[in-house]
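Novice: My structure file protein21.txt, compact mmCIF, C-alpha atoms and all ligand atoms, is below:
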# COMPACT_ATOMS: atom_id res chain seq x y z
CA MET A 733 40.49 56.81 -13.44
CA ILE A 734 43.06 55.26 -15.74
CA ARG A 735 45.07 57.76 -17.72
CA PHE A 736 47.31 57.12 -20.74
CA ASP A 737 49.79 59.91 -21.31
CA SER A 738 51.67 59.82 -24.66
CA VAL A 739 52.04 56.05 -24.33
CA THR A 740 54.10 54.34 -27.00
CA LYS A 741 55.08 50.71 -27.47
CA THR A 742 57.64 49.69 -30.05
CA PHE A 743 58.42 45.98 -30.06
CA PRO A 744 61.92 44.63 -30.67
CA GLY A 745 62.04 44.38 -34.47
CA GLY A 746 60.58 47.82 -34.84
CA THR A 747 56.78 47.41 -34.94
CA THR A 748 55.16 50.38 -33.28
CA ALA A 749 51.99 48.83 -31.86
CA VAL A 750 50.93 51.91 -29.90
CA GLY A 751 51.96 55.38 -31.02
CA GLY A 752 51.57 58.17 -28.50
CA LEU A 753 48.22 57.29 -26.99
CA THR A 754 46.66 59.83 -24.64
CA LEU A 755 43.24 59.17 -23.16
CA GLU A 756 41.33 58.67 -19.93
CA ALA A 757 39.15 55.75 -18.84
CA PRO A 758 36.85 57.20 -16.16
CA THR A 759 36.24 55.47 -12.82
CA GLY A 760 33.18 53.22 -12.69
CA ARG A 761 32.66 53.34 -16.46
CA ILE A 762 33.21 51.04 -19.42
CA THR A 763 35.74 52.29 -21.95
CA VAL A 764 35.91 50.21 -25.12
CA PHE A 765 38.98 50.02 -27.36
CA VAL A 766 37.88 49.15 -30.87
CA GLY A 767 39.62 49.15 -34.24
CA PRO A 768 40.93 46.94 -37.03
CA SER A 769 43.19 43.96 -36.44
CA GLY A 770 46.67 44.97 -35.35
CA CYS A 771 45.76 48.50 -34.23
CA GLY A 772 47.25 47.89 -30.79
CA LYS A 773 44.14 47.21 -28.70
CA THR A 774 45.57 44.23 -26.83
CA THR A 775 48.97 45.86 -26.41
CA SER A 776 47.31 48.96 -24.92
CA LEU A 777 45.27 46.83 -22.53
CA ARG A 778 48.24 44.78 -21.38
CA MET A 779 50.29 47.88 -20.67
CA ILE A 780 47.72 48.80 -17.99
CA ASN A 781 48.64 45.77 -15.85
CA ARG A 782 52.25 45.80 -17.09
CA MET A 783 52.11 42.45 -18.83
CA ILE A 784 53.72 44.66 -21.48
CA GLU A 785 55.92 47.60 -20.49
CA PRO A 786 55.51 50.85 -22.44
CA THR A 787 58.51 52.11 -24.41
CA SER A 788 57.67 55.65 -23.36
CA GLY A 789 54.88 57.63 -21.76
CA THR A 790 53.04 56.90 -18.51
CA ILE A 791 49.90 55.15 -17.39
CA THR A 792 48.43 56.25 -14.09
CA ILE A 793 45.60 54.74 -12.04
CA ASP A 794 43.97 57.29 -9.75
CA GLY A 795 47.02 59.48 -10.18
CA VAL A 796 49.57 56.80 -9.31
CA ASP A 797 52.14 55.97 -12.01
CA THR A 798 51.79 52.23 -12.62
CA GLY A 799 55.48 52.13 -13.60
CA SER A 800 56.40 52.98 -10.03
CA MET A 801 54.31 50.18 -8.53
CA ASN A 802 55.28 46.62 -7.79
CA PRO A 803 53.69 44.66 -10.69
CA ASP A 804 52.22 41.98 -8.38
CA GLU A 805 50.62 44.60 -6.21
CA LEU A 806 49.34 46.45 -9.27
CA ARG A 807 47.71 43.28 -10.62
CA ARG A 808 45.93 42.55 -7.35
CA GLY A 809 43.70 45.52 -8.07
CA ILE A 810 43.08 44.51 -11.68
CA GLY A 811 40.87 41.67 -12.91
CA TYR A 812 41.74 40.27 -16.32
CA VAL A 813 39.39 38.35 -18.60
CA ILE A 814 40.41 36.95 -21.98
CA GLN A 815 38.89 35.10 -24.93
CA HIS A 816 38.29 31.39 -24.22
CA ALA A 817 38.26 32.33 -20.53
CA GLY A 818 41.83 31.05 -19.99
CA LEU A 819 40.75 28.65 -17.24
CA PHE A 820 43.13 26.14 -15.67
CA PRO A 821 42.03 22.85 -17.30
CA HIS A 822 43.06 20.58 -14.41
CA ARG A 823 41.29 22.55 -11.71
CA THR A 824 37.57 22.41 -10.95
CA ILE A 825 35.37 25.42 -11.70
CA LEU A 826 35.28 26.25 -8.00
CA ASP A 827 39.08 26.08 -7.69
CA ASN A 828 39.44 28.24 -10.79
CA VAL A 829 37.25 30.96 -9.27
CA MET A 830 39.09 30.71 -5.93
CA THR A 831 42.56 30.99 -7.47
CA VAL A 832 43.33 34.67 -6.96
CA PRO A 833 41.86 35.17 -3.48
CA ARG A 834 43.70 32.01 -2.34
CA LEU A 835 46.96 33.33 -3.78
CA LEU A 836 46.33 36.51 -1.82
CA GLY A 837 46.01 34.44 1.33
CA SER A 838 42.26 34.79 1.90
CA ASP A 839 40.58 32.39 4.28
CA LYS A 840 39.58 29.18 2.50
CA ALA A 841 36.02 28.80 3.81
CA ALA A 842 35.18 32.45 3.16
CA THR A 843 36.69 32.28 -0.32
CA ARG A 844 34.73 29.17 -1.12
CA SER A 845 31.38 30.63 -0.13
CA ARG A 846 32.17 33.85 -2.00
CA ALA A 847 33.13 31.81 -5.09
CA MET A 848 29.82 29.93 -4.95
CA GLU A 849 28.01 33.26 -4.70
CA LEU A 850 29.92 34.61 -7.69
CA LEU A 851 28.98 31.60 -9.81
CA GLU A 852 25.38 32.51 -9.15
CA VAL A 853 26.01 36.18 -9.83
CA VAL A 854 27.27 35.35 -13.34
CA GLY A 855 24.31 33.06 -13.93
CA LEU A 856 25.82 29.61 -13.40
CA ASP A 857 24.24 26.65 -11.66
CA PRO A 858 26.17 25.90 -8.42
CA ASP A 859 26.15 22.23 -9.46
CA LEU A 860 28.76 23.09 -12.08
CA ALA A 861 31.28 24.02 -9.38
CA ARG A 862 32.74 20.50 -9.19
CA ARG A 863 33.18 20.08 -12.93
CA TYR A 864 36.28 20.78 -15.00
CA PRO A 865 36.40 23.49 -17.70
CA ALA A 866 36.23 20.99 -20.59
CA GLN A 867 32.87 19.80 -19.23
CA LEU A 868 31.32 23.25 -19.73
CA SER A 869 30.05 25.02 -22.87
CA GLY A 870 32.00 27.98 -24.28
CA GLY A 871 29.46 30.42 -22.85
CA GLN A 872 29.61 28.81 -19.41
CA GLN A 873 33.41 28.94 -19.47
CA GLN A 874 33.28 32.67 -20.26
CA ARG A 875 31.01 33.18 -17.25
CA VAL A 876 33.51 31.35 -15.06
CA GLY A 877 36.23 33.62 -16.48
CA VAL A 878 34.21 36.68 -15.42
CA ALA A 879 33.49 35.17 -11.98
CA ARG A 880 37.19 34.44 -11.50
CA ALA A 881 38.16 37.99 -12.43
CA LEU A 882 35.60 39.35 -9.97
CA ALA A 883 36.68 37.05 -7.13
CA ALA A 884 39.31 39.38 -5.70
CA ASP A 885 36.84 42.28 -6.09
CA PRO A 886 39.28 44.43 -8.06
CA PRO A 887 38.28 48.03 -8.79
CA VAL A 888 39.63 47.72 -12.35
CA MET A 889 38.75 45.06 -14.93
CA LEU A 890 40.57 44.51 -18.22
CA MET A 891 38.59 42.46 -20.71
CA ASP A 892 40.12 41.32 -24.00
CA GLU A 893 37.47 40.05 -26.45
CA PRO A 894 35.87 38.06 -23.60
CA PHE A 895 32.73 37.18 -25.57
CA SER A 896 34.18 36.64 -29.05
CA ALA A 897 34.51 32.87 -28.98
CA VAL A 898 30.84 32.07 -28.35
CA ASP A 899 27.85 31.96 -30.73
CA PRO A 900 25.82 35.15 -31.33
CA VAL A 901 22.87 34.20 -29.11
CA VAL A 902 25.02 33.29 -26.10
CA ARG A 903 27.11 36.35 -26.79
CA GLU A 904 24.07 38.63 -26.50
CA GLN A 905 23.11 36.95 -23.22
CA LEU A 906 26.61 37.40 -21.84
CA GLN A 907 26.62 41.06 -22.89
CA ASP A 908 23.24 41.69 -21.25
CA GLU A 909 24.31 40.03 -18.02
CA PHE A 910 27.61 41.82 -18.08
CA LEU A 911 25.79 45.18 -18.28
CA ARG A 912 23.43 44.17 -15.47
CA LEU A 913 26.41 43.17 -13.35
CA GLN A 914 28.25 46.39 -14.09
CA ASP A 915 25.16 48.35 -13.05
CA GLU A 916 25.56 46.82 -9.61
CA LEU A 917 29.34 46.74 -9.36
CA GLY A 918 30.42 49.97 -11.05
CA LYS A 919 33.93 48.74 -11.91
CA THR A 920 36.37 50.76 -13.98
CA ILE A 921 36.48 48.63 -17.12
CA VAL A 922 38.62 48.71 -20.24
CA PHE A 923 37.13 46.36 -22.82
CA VAL A 924 38.74 45.35 -26.12
CA THR A 925 36.70 44.24 -29.11
CA HIS A 926 36.93 44.42 -32.89
CA ASP A 927 33.13 44.43 -33.14
CA ILE A 928 31.59 47.89 -33.40
CA ASP A 929 28.14 46.59 -32.41
CA GLU A 930 29.55 45.20 -29.18
CA ALA A 931 31.40 48.47 -28.58
CA VAL A 932 28.23 50.51 -29.09
CA LYS A 933 26.20 48.26 -26.85
CA LEU A 934 28.65 48.09 -23.94
CA GLY A 935 30.69 51.26 -24.01
CA ASP A 936 30.09 54.37 -21.95
CA GLN A 937 32.80 55.71 -24.20
CA ILE A 938 34.56 54.24 -27.21
CA ALA A 939 38.15 54.78 -28.32
CA VAL A 940 38.54 54.01 -32.04
CA LEU A 941 42.18 53.18 -32.78
CA ARG A 942 44.02 53.12 -36.12
CA VAL A 943 46.79 50.74 -37.06
CA GLY A 944 49.91 52.15 -35.44
CA GLY A 945 48.01 52.54 -32.19
CA THR A 946 46.87 56.13 -32.51
CA LEU A 947 43.54 57.50 -31.38
CA ALA A 948 41.11 58.25 -34.22
CA GLN A 949 38.21 59.30 -32.00
CA LEU A 950 37.18 59.05 -28.35
CA ASP A 951 33.48 59.62 -27.82
CA THR A 952 30.22 58.30 -26.47
CA PRO A 953 28.65 55.67 -28.74
CA GLU A 954 25.91 58.09 -29.68
CA ARG A 955 28.26 60.85 -30.80
CA LEU A 956 30.53 58.39 -32.57
CA LEU A 957 27.62 57.19 -34.70
CA ARG A 958 26.17 60.62 -35.27
CA ASP A 959 29.37 62.49 -35.95
CA PRO A 960 32.36 60.35 -36.94
CA HIS A 961 35.32 62.71 -37.21
CA ASP A 962 36.81 61.36 -40.42
CA ASP A 963 36.44 58.78 -43.19
CA PHE A 964 38.35 56.12 -41.26
CA VAL A 965 35.97 56.31 -38.30
CA ALA A 966 32.93 56.59 -40.58
CA ASP A 967 34.00 53.45 -42.48
CA PHE A 968 34.72 51.62 -39.28
CA VAL A 969 31.40 52.36 -37.63
CA GLY A 970 29.71 51.44 -40.92
CA ARG A 971 27.12 52.64 -43.36
CA ASP A 972 24.22 51.52 -41.19
CA ARG A 973 25.32 53.80 -38.38
CA GLY A 974 22.08 55.78 -38.77
CA TYR A 975 20.12 52.67 -37.87
CA ARG A 976 22.49 51.87 -35.00
CA GLY A 977 22.05 55.42 -33.74
CA LEU A 978 18.35 54.69 -33.20
CA ALA A 979 19.45 52.61 -30.24
CA PHE A 980 19.92 55.91 -28.40
CA GLN A 981 16.70 57.63 -29.46
CA LYS A 982 13.91 57.17 -26.97
CA ALA A 983 10.46 56.57 -28.43
CA PRO A 984 8.21 58.28 -25.93
CA ARG A 985 5.01 58.79 -27.90
CA LEU A 986 4.49 55.94 -30.33
CA PRO A 987 0.87 55.48 -31.33
CA LEU A 988 -0.03 52.05 -29.96
CA LEU A 989 -2.75 49.90 -31.49
CA ASP A 990 -5.16 47.69 -29.60
CA GLU A 991 -4.84 44.04 -30.44
CA PRO A 992 -7.14 41.05 -30.09
CA THR A 993 -5.47 38.70 -27.61
CA VAL A 994 -5.96 35.06 -26.66
CA ARG A 995 -4.45 32.45 -24.34
CA VAL A 996 -2.77 29.14 -25.08
CA GLY A 997 -5.52 26.51 -24.66
CA ASP A 998 -8.28 28.72 -26.14
CA SER A 999 -10.58 27.01 -28.64
CA ALA A 1000 -10.55 27.68 -32.38
CA GLY A 1001 -14.06 29.13 -32.03
CA ARG A 1002 -12.89 31.59 -29.37
CA LEU A 1003 -9.95 32.63 -31.60
CA ARG A 1004 -12.27 33.37 -34.53
CA GLU A 1005 -14.59 35.36 -32.33
CA VAL A 1006 -11.78 37.45 -30.82
CA ALA A 1007 -10.01 37.94 -34.15
CA ALA A 1008 -13.19 39.33 -35.76
CA GLY A 1009 -11.87 38.75 -39.26
CA GLU A 1010 -8.21 39.62 -38.56
CA PRO A 1011 -5.84 36.90 -39.83
CA TRP A 1012 -3.55 37.03 -36.75
CA VAL A 1013 -4.11 37.25 -33.00
CA LEU A 1014 -1.60 37.66 -30.20
CA ALA A 1015 -1.31 35.04 -27.46
CA LEU A 1016 -0.54 36.17 -23.89
CA ASP A 1017 0.20 34.15 -20.77
CA GLU A 1018 -1.68 34.33 -17.46
CA GLU A 1019 0.20 37.48 -16.47
CA GLY A 1020 -0.51 39.21 -19.76
CA ARG A 1021 2.99 38.67 -21.16
CA PRO A 1022 3.24 38.15 -24.94
CA GLN A 1023 3.89 34.55 -26.02
CA GLY A 1024 3.68 34.84 -29.81
CA TRP A 1025 1.43 35.48 -32.78
CA VAL A 1026 -1.06 32.90 -34.03
CA ARG A 1027 -2.53 32.58 -37.52
CA VAL A 1028 -6.21 32.10 -36.78
CA GLU A 1029 -6.85 29.69 -39.65
CA ALA A 1030 -3.98 27.43 -38.53
CA VAL A 1031 -5.87 26.52 -35.34
CA ARG A 1032 -8.18 23.54 -35.90
CA ASP A 1033 -9.08 22.56 -32.38
CA THR A 1034 -7.40 24.42 -29.52
CA LEU A 1035 -4.41 26.74 -29.52
CA ASP A 1036 -1.31 24.83 -28.46
CA ARG A 1037 2.20 26.23 -28.14
CA THR A 1038 3.47 24.64 -31.35
CA LEU A 1039 1.23 27.02 -33.32
CA LEU A 1040 2.86 30.16 -31.86
CA HIS A 1041 5.16 32.25 -34.06
CA ARG A 1042 7.84 33.22 -31.59
CA GLY A 1043 10.31 34.96 -33.87
CA GLY A 1044 9.52 38.63 -33.29
CA THR A 1045 11.34 40.76 -30.74
CA VAL A 1046 9.41 42.68 -28.08
CA GLY A 1047 9.86 46.44 -27.68
CA ARG A 1048 9.54 48.22 -24.35
CA GLU A 1049 7.16 51.02 -23.58
CA GLY A 1050 9.33 54.14 -23.41
CA GLY A 1051 12.19 52.13 -24.96
CA THR A 1052 14.26 53.06 -27.98
CA LEU A 1053 13.20 53.66 -31.56
CA ARG A 1054 15.55 50.94 -32.71
CA ALA A 1055 13.87 48.37 -30.44
CA ALA A 1056 10.40 49.48 -31.61
CA LEU A 1057 11.39 49.34 -35.28
CA ASP A 1058 13.08 46.01 -34.77
CA ALA A 1059 9.92 44.64 -33.12
CA ALA A 1060 7.79 45.76 -36.07
CA LEU A 1061 10.18 44.47 -38.73
CA SER A 1062 10.70 41.11 -37.03
CA SER A 1063 6.99 40.45 -36.50
CA PRO A 1064 5.14 38.12 -38.91
CA THR A 1065 2.22 40.58 -38.88
CA GLY A 1066 4.25 43.76 -39.49
CA LYS A 1067 3.08 44.98 -36.10
CA GLY A 1068 5.65 45.20 -33.31
CA VAL A 1069 4.66 43.97 -29.86
CA ILE A 1070 5.29 46.50 -27.09
CA ALA A 1071 5.34 45.53 -23.40
CA ASP A 1072 5.67 47.53 -20.18
CA ALA A 1073 8.55 47.31 -17.71
CA ASP A 1074 7.04 44.15 -16.18
CA GLY A 1075 6.83 42.50 -19.59
CA ARG A 1076 3.03 42.87 -19.88
CA PHE A 1077 1.55 43.56 -23.29
CA VAL A 1078 0.45 47.18 -23.83
CA GLY A 1079 -0.14 47.42 -27.60
CA THR A 1080 1.41 47.04 -31.02
CA VAL A 1081 3.12 49.52 -33.27
CA ARG A 1082 3.50 49.58 -37.05
CA ALA A 1083 6.85 50.20 -38.74
CA GLN A 1084 5.41 53.17 -40.65
CA ASP A 1085 4.47 54.86 -37.37
CA VAL A 1086 7.94 54.27 -35.92
CA LEU A 1087 9.45 55.75 -39.10
CA ALA A 1088 7.18 58.78 -38.86
CA GLN A 1089 8.36 59.27 -35.29
CA ILE A 1090 11.98 58.93 -36.41
CA GLU A 1091 11.46 61.67 -38.99
CA ARG A 1092 10.00 63.95 -36.35
CA GLN A 1093 12.76 63.28 -33.82
CA GLN A 1094 15.90 62.81 -35.87
CA PRO A 1095 18.00 65.93 -36.29
CA PRO A 1096 19.55 65.79 -39.80
CA VAL A 1097 22.95 64.08 -39.85
CA GLU A 1098 25.58 66.59 -40.91
CA GLU A 1099 27.73 65.14 -43.64
CA GLY A 1100 31.36 66.03 -44.21
CA VAL A 1101 31.99 67.43 -40.75
CA GLY A 1102 35.41 67.06 -39.13
N1 LIG A 1201 55.30 40.51 -28.82
C1 LIG A 1201 55.26 41.15 -30.00
N2 LIG A 1201 56.35 41.30 -30.75
C2 LIG A 1201 56.32 41.97 -31.92
N3 LIG A 1201 55.20 42.55 -32.42
C3 LIG A 1201 54.07 42.43 -31.72
C4 LIG A 1201 54.03 41.73 -30.45
N4 LIG A 1201 52.74 41.78 -29.99
C5 LIG A 1201 52.04 42.47 -30.90
N5 LIG A 1201 52.82 42.88 -31.95
C6 LIG A 1201 52.40 43.67 -33.09
O1 LIG A 1201 51.85 44.90 -32.61
C7 LIG A 1201 50.72 45.28 -33.39
C8 LIG A 1201 49.52 45.44 -32.49
O2 LIG A 1201 49.16 44.18 -31.96
P1 LIG A 1201 47.92 44.01 -30.96
O3 LIG A 1201 47.81 42.57 -30.62
O4 LIG A 1201 48.04 44.98 -29.86
O5 LIG A 1201 46.71 44.44 -31.90
P2 LIG A 1201 45.16 44.23 -31.75
O6 LIG A 1201 44.54 45.51 -32.15
O7 LIG A 1201 44.84 43.70 -30.42
O8 LIG A 1201 44.88 43.13 -32.88
P3 LIG A 1201 43.78 41.97 -33.00
O9 LIG A 1201 42.45 42.65 -33.12
O10 LIG A 1201 44.17 41.29 -34.29
O11 LIG A 1201 43.92 41.11 -31.80
C9 LIG A 1201 50.57 44.20 -34.46
O12 LIG A 1201 51.19 44.64 -35.62
C10 LIG A 1201 51.29 43.02 -33.86
O13 LIG A 1201 51.79 42.18 -34.87
Represent the structure from my file as structure tokens, please.
Specialist:
Amino acid sequence: MIRFDSVTKTFPGGTTAVGGLTLEAPTGRITVFVGPSGCGKTTSLRMINRMIEPTSGTITIDGVDTGSMNPDELRRGIGYVIQHAGLFPHRTILDNVMTVPRLLGSDKAATRSRAMELLEVVGLDPDLARRYPAQLSGGQQQRVGVARALAADPPVMLMDEPFSAVDPVVREQLQDEFLRLQDELGKTIVFVTHDIDEAVKLGDQIAVLRVGGTLAQLDTPERLLRDPHDDFVADFVGRDRGYRGLAFQKAPRLPLLDEPTVRVGDSAGRLREVAAGEPWVLALDEEGRPQGWVRVEAVRDTLDRTLLHRGGTVGREGGTLRAALDAALSSPTGKGVIADADGRFVGTVRAQDVLAQIERQQPPVEEGVG
């Protein structure tokens, strides 16, 4: 556990970046620092590994005052990932990942094979190992940054806007893989972002900071959305927080509809027969996984992949109300595709039925509390 106890940082010139911060980041969990620009997120993060020294107060890791530790030793137990990955431009990807273990004197062959493993763990092709950072995309560079931070297997990871410099699609992929990785690794992570959606998605708990570096609210994402303590937090988490909150509401009993289904390669005649007058049918692959919707009248000869509408998202059986609603609203037919845990199609759901379920499940949001 990382504990901040009345931590203050006033820079020469008089700016108080962090003003008496007290909070705990539990072991094995992701704590997200979020807040407007200049609220002291980065300063708070960098005080943990003593890249910045606090003016007053203490930070302890598992009860040990970091101020009493040798900074080099402290940093050996702390991985650090920043925006744009911060890779060494003149070293290969492999050498970048091997940097810290090599500095710590680890055996070269063992470090190399571990580094190759880590590239795979973060979803990179081992063939990229010999390239230089400039020869990789932004998203690939961020993955290398994460692999490098993991290389010394530190129990603590500090991450400062690690996914901010990449496009939204890659960013979502990186977030998903990061969560999958954390499921396996269980690191103690402090993660800085200015994006409330990212905070809600990744955080086990979220610390909302105000300018001046004071704590506005420390809570689980769910409670933060449901019960922001004051106007500042409410404004920061946004007016659509009710919709975001659906991400935490399980949808156990949605009424699923049967759907006519076809395969890519089926004839136009077969489509018409299966559709039985419906304008759309759903195409599945050999394993029964949804591939996309097809407008029956658009198929002249046989159904080929170019005729598939692939825009809609797929909800999971037993997943969240937000995912089910999103599936329905993003579908060209107004019906959301729901699949089981193996990705096989189980039925569709209409937005109106998801909304009815929301009304049944949603306790009223109390306004003006706090
Ligand atoms: N080295 C420094 N010297 C003087 N002031 C600084 C220094 N570093 C940061 N500050 C100031 O401290 C405050 C907090 O900065 P910090 O970078 O921690 O904020 P942040 O929340 O991470 O912001 P952003 O989201 O814009 O990155 C700001 O007012 C900033 O200008």
Novice: For a quick check of understanding, using all atoms listed in the file, which of A:Met891, A:Thr925, A:Ser845, A:Ala948 has the smallest distance to Leu755 in chain A?
Specialist: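 Between A:Met891, A:Thr925, A:Ser845, A:Ala948, the residue approaching Leu755 in chain A most closely is A:Ala948.
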Novice: Please determine, counting all atoms listed in the file, which residue among A:His822, A:Lys982, A:Arg846, A:Tyr812 has the shortest atom-to-atom distance to Val878 in chain A.
Specialist: A:Tyr812
Novice: Which residues, written as a list in words, have at least one atom at most 9 Å from Ala1060 in chain A, with all atoms listed in the file counted and residues fewer than 6 positions away on the same chain left out?
Specialist: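 Using all atoms listed in the file, the neighbours found are Gly1044, Thr1045, Val1046, Gly1047, Gly1066, Lys1067, Gly1068, Val1069, Thr1080, Val1081, Arg1082, Ala1083 and Val1086 of chain A.
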Novice: How would the residues just picked look written out with C-alpha atoms as a short mmCIF file (atom, residue, chain, number, x, y, z; two decimals), in the frame of the given file?
Specialist:
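Dumped everything to part.cif:
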data_model
loop_
_atom_site.label_atom_id
_atom_site.label_comp_id
_atom_site.auth_asym_id
_atom_site.auth_seq_id
_atom_site.Cartn_x
_atom_site.Cartn_y
_atom_site.Cartn_z
CA GLY A 1044 9.52 38.63 -33.29
CA THR A 1045 11.34 40.76 -30.74
CA VAL A 1046 9.41 42.68 -28.08
CA GLY A 1047 9.86 46.44 -27.68
CA GLY A 1066 4.25 43.76 -39.49
CA LYS A 1067 3.08 44.98 -36.10
CA GLY A 1068 5.65 45.20 -33.31
CA VAL A 1069 4.66 43.97 -29.86
CA THR A 1080 1.41 47.04 -31.02
CA VAL A 1081 3.12 49.52 -33.27
CA ARG A 1082 3.50 49.58 -37.05
CA ALA A 1083 6.85 50.20 -38.74
CA VAL A 1086 7.94 54.27 -35.92
#
Novice: When you draw a straight line from CA of Gln914 in chain A to CA of Gln937 in chain A, how long is it in Å?
Specialist: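 Interatomic distance here is 14.5 Å.
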Novice: Just checking: using all atoms listed in the file, which residue out of A:Val943, A:Asn828, A:Thr843, A:Leu850 ends up closest to ligand LIG 1201 (chain A)?
Specialist: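 When distances to ligand LIG 1201 (chain A) are compared using all atoms listed in the file, the smallest one comes from A:Val943.
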Novice: Can you build me a table of chain A residues sitting at most 8 Å from ligand LIG 1201 (chain A), with the closest atom pair per residue and its distance in Å to one decimal, using all atoms listed in the file, sorted by chain and residue number, as a Markdown table?
Specialist:
| residue | atom | partner | partner_atom | distance |
| --- | --- | --- | --- | --- |
| A:Thr742 | CA | A:LIG1201 | N3 | 7.9 |
| A:Phe743 | CA | A:LIG1201 | C2 | 4.9 |
| A:Pro744 | CA | A:LIG1201 | C2 | 6.3 |
| A:Gly745 | CA | A:LIG1201 | C2 | 6.7 |
| A:Gly746 | CA | A:LIG1201 | C2 | 7.8 |
| A:Thr747 | CA | A:LIG1201 | N3 | 5.7 |
| A:Thr748 | CA | A:LIG1201 | O1 | 6.4 |
| A:Ala749 | CA | A:LIG1201 | O1 | 4.0 |
| A:Val750 | CA | A:LIG1201 | C8 | 7.1 |
| A:Val766 | CA | A:LIG1201 | O6 | 7.7 |
| A:Gly767 | CA | A:LIG1201 | O6 | 6.5 |
| A:Pro768 | CA | A:LIG1201 | O9 | 6.0 |
| A:Ser769 | CA | A:LIG1201 | O10 | 3.6 |
| A:Gly770 | CA | A:LIG1201 | O5 | 3.5 |
| A:Cys771 | CA | A:LIG1201 | O6 | 3.8 |
| A:Gly772 | CA | A:LIG1201 | O4 | 3.2 |
| A:Lys773 | CA | A:LIG1201 | O6 | 3.9 |
| A:Thr774 | CA | A:LIG1201 | O7 | 3.7 |
| A:Thr775 | CA | A:LIG1201 | O4 | 3.7 |
| A:Ser776 | CA | A:LIG1201 | O4 | 6.4 |
| A:Val924 | CA | A:LIG1201 | O7 | 7.6 |
| A:Thr925 | CA | A:LIG1201 | O9 | 7.2 |
| A:His926 | CA | A:LIG1201 | O9 | 5.8 |
| A:Val943 | CA | A:LIG1201 | C8 | 7.5 |
| A:Gly944 | CA | A:LIG1201 | C7 | 7.2 |
| A:Gly945 | CA | A:LIG1201 | C8 | 7.3 |
Novice: Which is closer to Gly811 in chain A than all the others in A:Val898, A:Leu950, A:Ile921, A:Val853, using all atoms listed in the file?
Specialist: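 Among the listed residues, the smallest separation from Gly811 in chain A belongs to A:Ile921.
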Novice: Quick one: distance from CA of Ala1088 in chain A to CA of Ser1063 in chain A in Å, one decimal?
Specialist: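 Result for CA of Ala1088 in chain A versus CA of Ser1063 in chain A: 18.5 Å, one decimal.
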Novice: Excluding Leu1016 in chain A and any residue of its chain fewer than 3 positions from it, enumerate the residues within 7 Å of it, using all atoms listed in the file, and give them as a list in words.
Specialist: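 Listed by chain and then number, they are Thr993, Val994, Arg995, Gly1020, Arg1021, Pro1022 and Gln1023 of chain A.
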Novice: Using only C-alpha atoms, which of the listed residues (A:Pro960, A:Gly918, A:Pro1064, A:Gly1079) sits closest to Ile938 in chain A?
Specialist: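 Residue with the minimum atom-to-atom distance to Ile938 in chain A: A:Pro960.
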Novice: From the set A:Asp1036, A:Phe736, A:Ile825, A:Phe765, which residue has the shortest atom-to-atom contact distance to Gln949 in chain A, counting only C-alpha atoms?
Specialist: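 Nearest to Gln949 in chain A: A:Phe765.
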Novice: Separation of CA of Gln867 in chain A and CA of Arg807 in chain A, in Å?
Specialist: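 Here the two named atoms are 29.1 Å from each other.
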Novice: Which residues, written as a ChimeraX atom specification, have at least one atom at most 9 Å from range 965-970 of chain A, with all atoms listed in the file counted and residues fewer than 2 positions away on the same chain left out?
Specialist: /A:767-768,928-929,940-942,948-949,956-957,959-963,972-973
Novice: May I have the residues within 12 Å of Ala897 in chain A as a ChimeraX atom specification, using only C-alpha atoms and disregarding those fewer than 3 positions away in the same chain?
Specialist: /A:814-818,869-874,892-894,900-903,906,925
Novice: Got a sec to check which residues sit within 10 Å of (45.4, 58.8, -11.0), counting only C-alpha atoms, and write them as a list of chain:residue names?
Specialist: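 Taken together, the residues in range are A:Met733, A:Ile734, A:Arg735, A:Glu756, A:Thr759, A:Ile791, A:Thr792, A:Ile793, A:Asp794, A:Gly795, A:Val796, A:Asp797, A:Thr798.
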Novice: Starting from the point (18.1, 52.7, -35.5), work out which residues of protein, DNA or RNA have an atom no more than 9 Å away when counting only C-alpha atoms; state them as a PDB file with C-alpha atoms, in the coordinates of the input.
Specialist:
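Written file, selection08.pdb:
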ATOM      1  CA  ASP A 972      24.220  51.520 -41.190  1.00  0.00           C
ATOM      2  CA  ARG A 973      25.320  53.800 -38.380  1.00  0.00           C
ATOM      3  CA  GLY A 974      22.080  55.780 -38.770  1.00  0.00           C
ATOM      4  CA  TYR A 975      20.120  52.670 -37.870  1.00  0.00           C
ATOM      5  CA  ARG A 976      22.490  51.870 -35.000  1.00  0.00           C
ATOM      6  CA  GLY A 977      22.050  55.420 -33.740  1.00  0.00           C
ATOM      7  CA  LEU A 978      18.350  54.690 -33.200  1.00  0.00           C
ATOM      8  CA  ALA A 979      19.450  52.610 -30.240  1.00  0.00           C
ATOM      9  CA  PHE A 980      19.920  55.910 -28.400  1.00  0.00           C
ATOM     10  CA  GLN A 981      16.700  57.630 -29.460  1.00  0.00           C
ATOM     11  CA  THR A1052      14.260  53.060 -27.980  1.00  0.00           C
ATOM     12  CA  LEU A1053      13.200  53.660 -31.560  1.00  0.00           C
ATOM     13  CA  ARG A1054      15.550  50.940 -32.710  1.00  0.00           C
ATOM     14  CA  ALA A1055      13.870  48.370 -30.440  1.00  0.00           C
ATOM     15  CA  LEU A1057      11.390  49.340 -35.280  1.00  0.00           C
ATOM     16  CA  ASP A1058      13.080  46.010 -34.770  1.00  0.00           C
ATOM     17  CA  ILE A1090      11.980  58.930 -36.410  1.00  0.00           C
TER      18      ILE A1090
END
Novice: Enclose all atoms of range 774-780 of chain A listed in the file in an axis-aligned box, grow every side by 6 Å, and hand back centre and edge lengths in Å to one decimal, as JSON.
Specialist:
{"center_x": 47.8, "center_y": 46.6, "center_z": -22.4, "size_x": 17.0, "size_y": 16.7, "size_z": 20.8}
